[in-house]
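The structure appears right after this line, and notes come after that.
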Amino acid sequence: MMSQSAEEMEGRLNAHRELMIDFIAALLGGDQSLQQFARRLSEDESLKDHEEDPGAVPGEGFAIANTAAGEIRSILEAARARAKAERRMA
């Protein structure tokens, strides 16, 4: 496994934490909350790459947030692939 910087590790951990908190809150809120959670995941603007100045060197805070957004995208892509595979198997 490749070594990761502290910022990368913090960003990935933050992403997992935020997804877990949102998911558990949606579960506790019932069906409507789960539907809203799923909708937010598919529409969340923070999951898209935004570069205001592509030539600028990102600061530590931006690096952490960018890593978190990338980790959430990765988790969502894997979840969608698994859901698609499970639908095919059913």
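Following the order of the structure tokens, chains are lettered A, B, ..., residues in each are numbered from 1, and ligands are numbered from 1.
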Spatial neighbours of A:Thr67, max dist 8 Å, only C-alpha atoms, sep filter under 3 positions, as a PyMOL selection string: chain A and resi 7-8+11-12+63-64+70-71
Those same residues, written as a PDB file, in the first residue's frame with N, CA and C atoms?
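That gives us again_1.pdb:
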ATOM      1  N   GLU A   7      -2.609  14.767   5.522  1.00  0.00           N
ATOM      2  CA  GLU A   7      -3.789  15.434   4.958  1.00  0.00           C
ATOM      3  C   GLU A   7      -4.678  14.436   4.218  1.00  0.00           C
ATOM      4  N   GLU A   8      -4.055  13.512   3.472  1.00  0.00           N
ATOM      5  CA  GLU A   8      -4.836  12.506   2.754  1.00  0.00           C
ATOM      6  C   GLU A   8      -5.575  11.587   3.735  1.00  0.00           C
ATOM      7  N   GLY A  11      -8.427  13.538   5.325  1.00  0.00           N
ATOM      8  CA  GLY A  11      -9.519  13.718   4.372  1.00  0.00           C
ATOM      9  C   GLY A  11     -10.336  12.460   4.196  1.00  0.00           C
ATOM     10  N   ARG A  12      -9.670  11.326   4.056  1.00  0.00           N
ATOM     11  CA  ARG A  12     -10.386  10.058   3.899  1.00  0.00           C
ATOM     12  C   ARG A  12     -11.191   9.730   5.148  1.00  0.00           C
ATOM     13  N   ALA A  63      -6.623  20.699   0.634  1.00  0.00           N
ATOM     14  CA  ALA A  63      -6.158  19.343   0.335  1.00  0.00           C
ATOM     15  C   ALA A  63      -6.981  18.311   1.093  1.00  0.00           C
ATOM     16  N   ILE A  64      -7.288  18.582   2.350  1.00  0.00           N
ATOM     17  CA  ILE A  64      -8.090  17.659   3.162  1.00  0.00           C
ATOM     18  C   ILE A  64      -9.501  17.556   2.595  1.00  0.00           C
ATOM     19  N   GLY A  70     -13.021  13.298  -2.903  1.00  0.00           N
ATOM     20  CA  GLY A  70     -12.608  12.186  -3.749  1.00  0.00           C
ATOM     21  C   GLY A  70     -12.944  10.841  -3.128  1.00  0.00           C
ATOM     22  N   GLU A  71     -12.777  10.726  -1.829  1.00  0.00           N
ATOM     23  CA  GLU A  71     -13.100   9.477  -1.127  1.00  0.00           C
ATOM     24  C   GLU A  71     -14.594   9.208  -1.171  1.00  0.00           C
TER      25      GLU A  71
END
Non-local contacts of stretch 16-30 of chain A (9 Å; only C-alpha atoms; under 4 positions in same chain excluded) as a list in words: Gly11, Arg12, Leu34, Gln35, Gln36, Phe37, Ala68, Glu71, Ile72 and Ile75 of chain A
Writing out the chosen residues with C-alpha atoms as a short mmCIF file (atom, residue, chain, number, x, y, z; two decimals), in the first residue's frame:
data_model
loop_
_atom_site.label_atom_id
_atom_site.label_comp_id
_atom_site.auth_asym_id
_atom_site.auth_seq_id
_atom_site.Cartn_x
_atom_site.Cartn_y
_atom_site.Cartn_z
CA GLY A 11 -9.52 13.72 4.37
CA ARG A 12 -10.39 10.06 3.90
CA LEU A 34 -33.43 7.70 3.59
CA GLN A 35 -34.87 8.93 0.29
CA GLN A 36 -33.62 12.46 0.99
CA PHE A 37 -30.19 11.06 1.92
CA ALA A 68 -12.60 13.84 1.40
CA GLU A 71 -13.10 9.48 -1.13
CA ILE A 72 -16.86 10.06 -1.08
CA ILE A 75 -17.32 5.10 -2.11
#
Computed interatomic separation between atom CA of A:Ser42 and atom CA of A:Arg73 (Å): 10.0 Å
DSSP-assigned alpha helix (DSSP H) among chain A, expressed as a ChimeraX atom specification: /A:6-29,31-43,60-89
Proximity to A:Ala79 - best of A:Gly59, A:Asn66, A:Gln4, A:Leu41, only C-alpha atoms: A:Leu41
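When atom CA of A:Asn14 is paired with atom CA of A:Ala65, their separation reads 8.4 Å.
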Distance in Å - atom CA of A:Glu43 versus atom CA of A:Arg80: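 Those two atoms sit 14.2 Å apart.
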